[in-house]
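> Following this message is one structure expressed as structure tokens.
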Amino acid sequence: EQYSDAEDAFRQAKKIDSLKPEVHYFLGSTLNEEAKYSDAIDELELALLYGFEPAEEAYKKIADGHEALEQWADAVAAYEALLNLSPSSVSLFQKPIELCLDQLQDQDRALTLAQKATSLFPSEALSHALLAKVHLAQGKPELASSEIDIAFQIDSNFVLGHYLAGQVREAQNNPEGARWEYKKAFELSGEDDPLHSQAAEKYNSLLANPAPQQ
């Protein structure tokens, strides 16, 4: 983890062969570790320009750099470029969807990504949970509930599914059902999972401030 020395070595390599994509990729990766995000992005984009493979890895690091710089639109654009390849995992959709919803307030863009996730990974519970999350943001709890049901058919103990189901029950003014889902999410998640504490907070909030059922 002697990143300064690594940076020096890769800059020397760049002087020797400035067209080698791996040189730019590893220099960019090193600069990322040093929190020199703008310079890292430049090098990683050069790596892609010169044909670096796997391109997915470079786009992911570019997205991370833009996110660290709070350049949300650029981060999402990098993720979209990544996802236009052949994404190796449905989990790659999670961060750009969250950025669209939380930072850009662009529900349409998030919906496009979530629909693409379910199209490419129809047998993954996460893809349906992500689509449910978008529907919740759109104020469409019934559509969200349908996607969560599909997720549960794939994995009945899916933590994110139970957490989102709790949010759906809240939107449907069903606090008892919401508490049950949050309790389930809490029980199924490990202490290092952010949803563990979030589910506990939701559960305790509903206990302290019960909403009347309709």
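All residue names refer to the structure tokens as shown: chains lettered A, B, ... in order, residues numbered from 1 in each chain, ligands numbered from 1 in order.
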Enumerate as number ranges by chain all residues of range 8-183 of chain A assigned to helix (DSSP H, G or I) by DSSP on the backbone, naming them with the chain letters and numbers the document uses.
A: 8-16, 21-33, 37-49, 55-68, 72-83, 90-102, 107-120, 125-137, 141-154, 159-171, 175-183
> Env of range 94-105 of chain A: 10 Å cut, atoms = only C-alpha atoms, seq-sep filter 3 positions within chain, self excluded. Answer as a PyMOL selection string.
chain A and resi 63-64+67+70-73+75-80+83+90-91+108-114+117+126-127+129-131+133-134+137-138
> Between CA of Leu48 in chain A and CA of Thr118 in chain A, what is the distance, to one decimal in Å?
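Taking CA of Leu48 in chain A and CA of Thr118 in chain A, their separation equals 27.6 Å.
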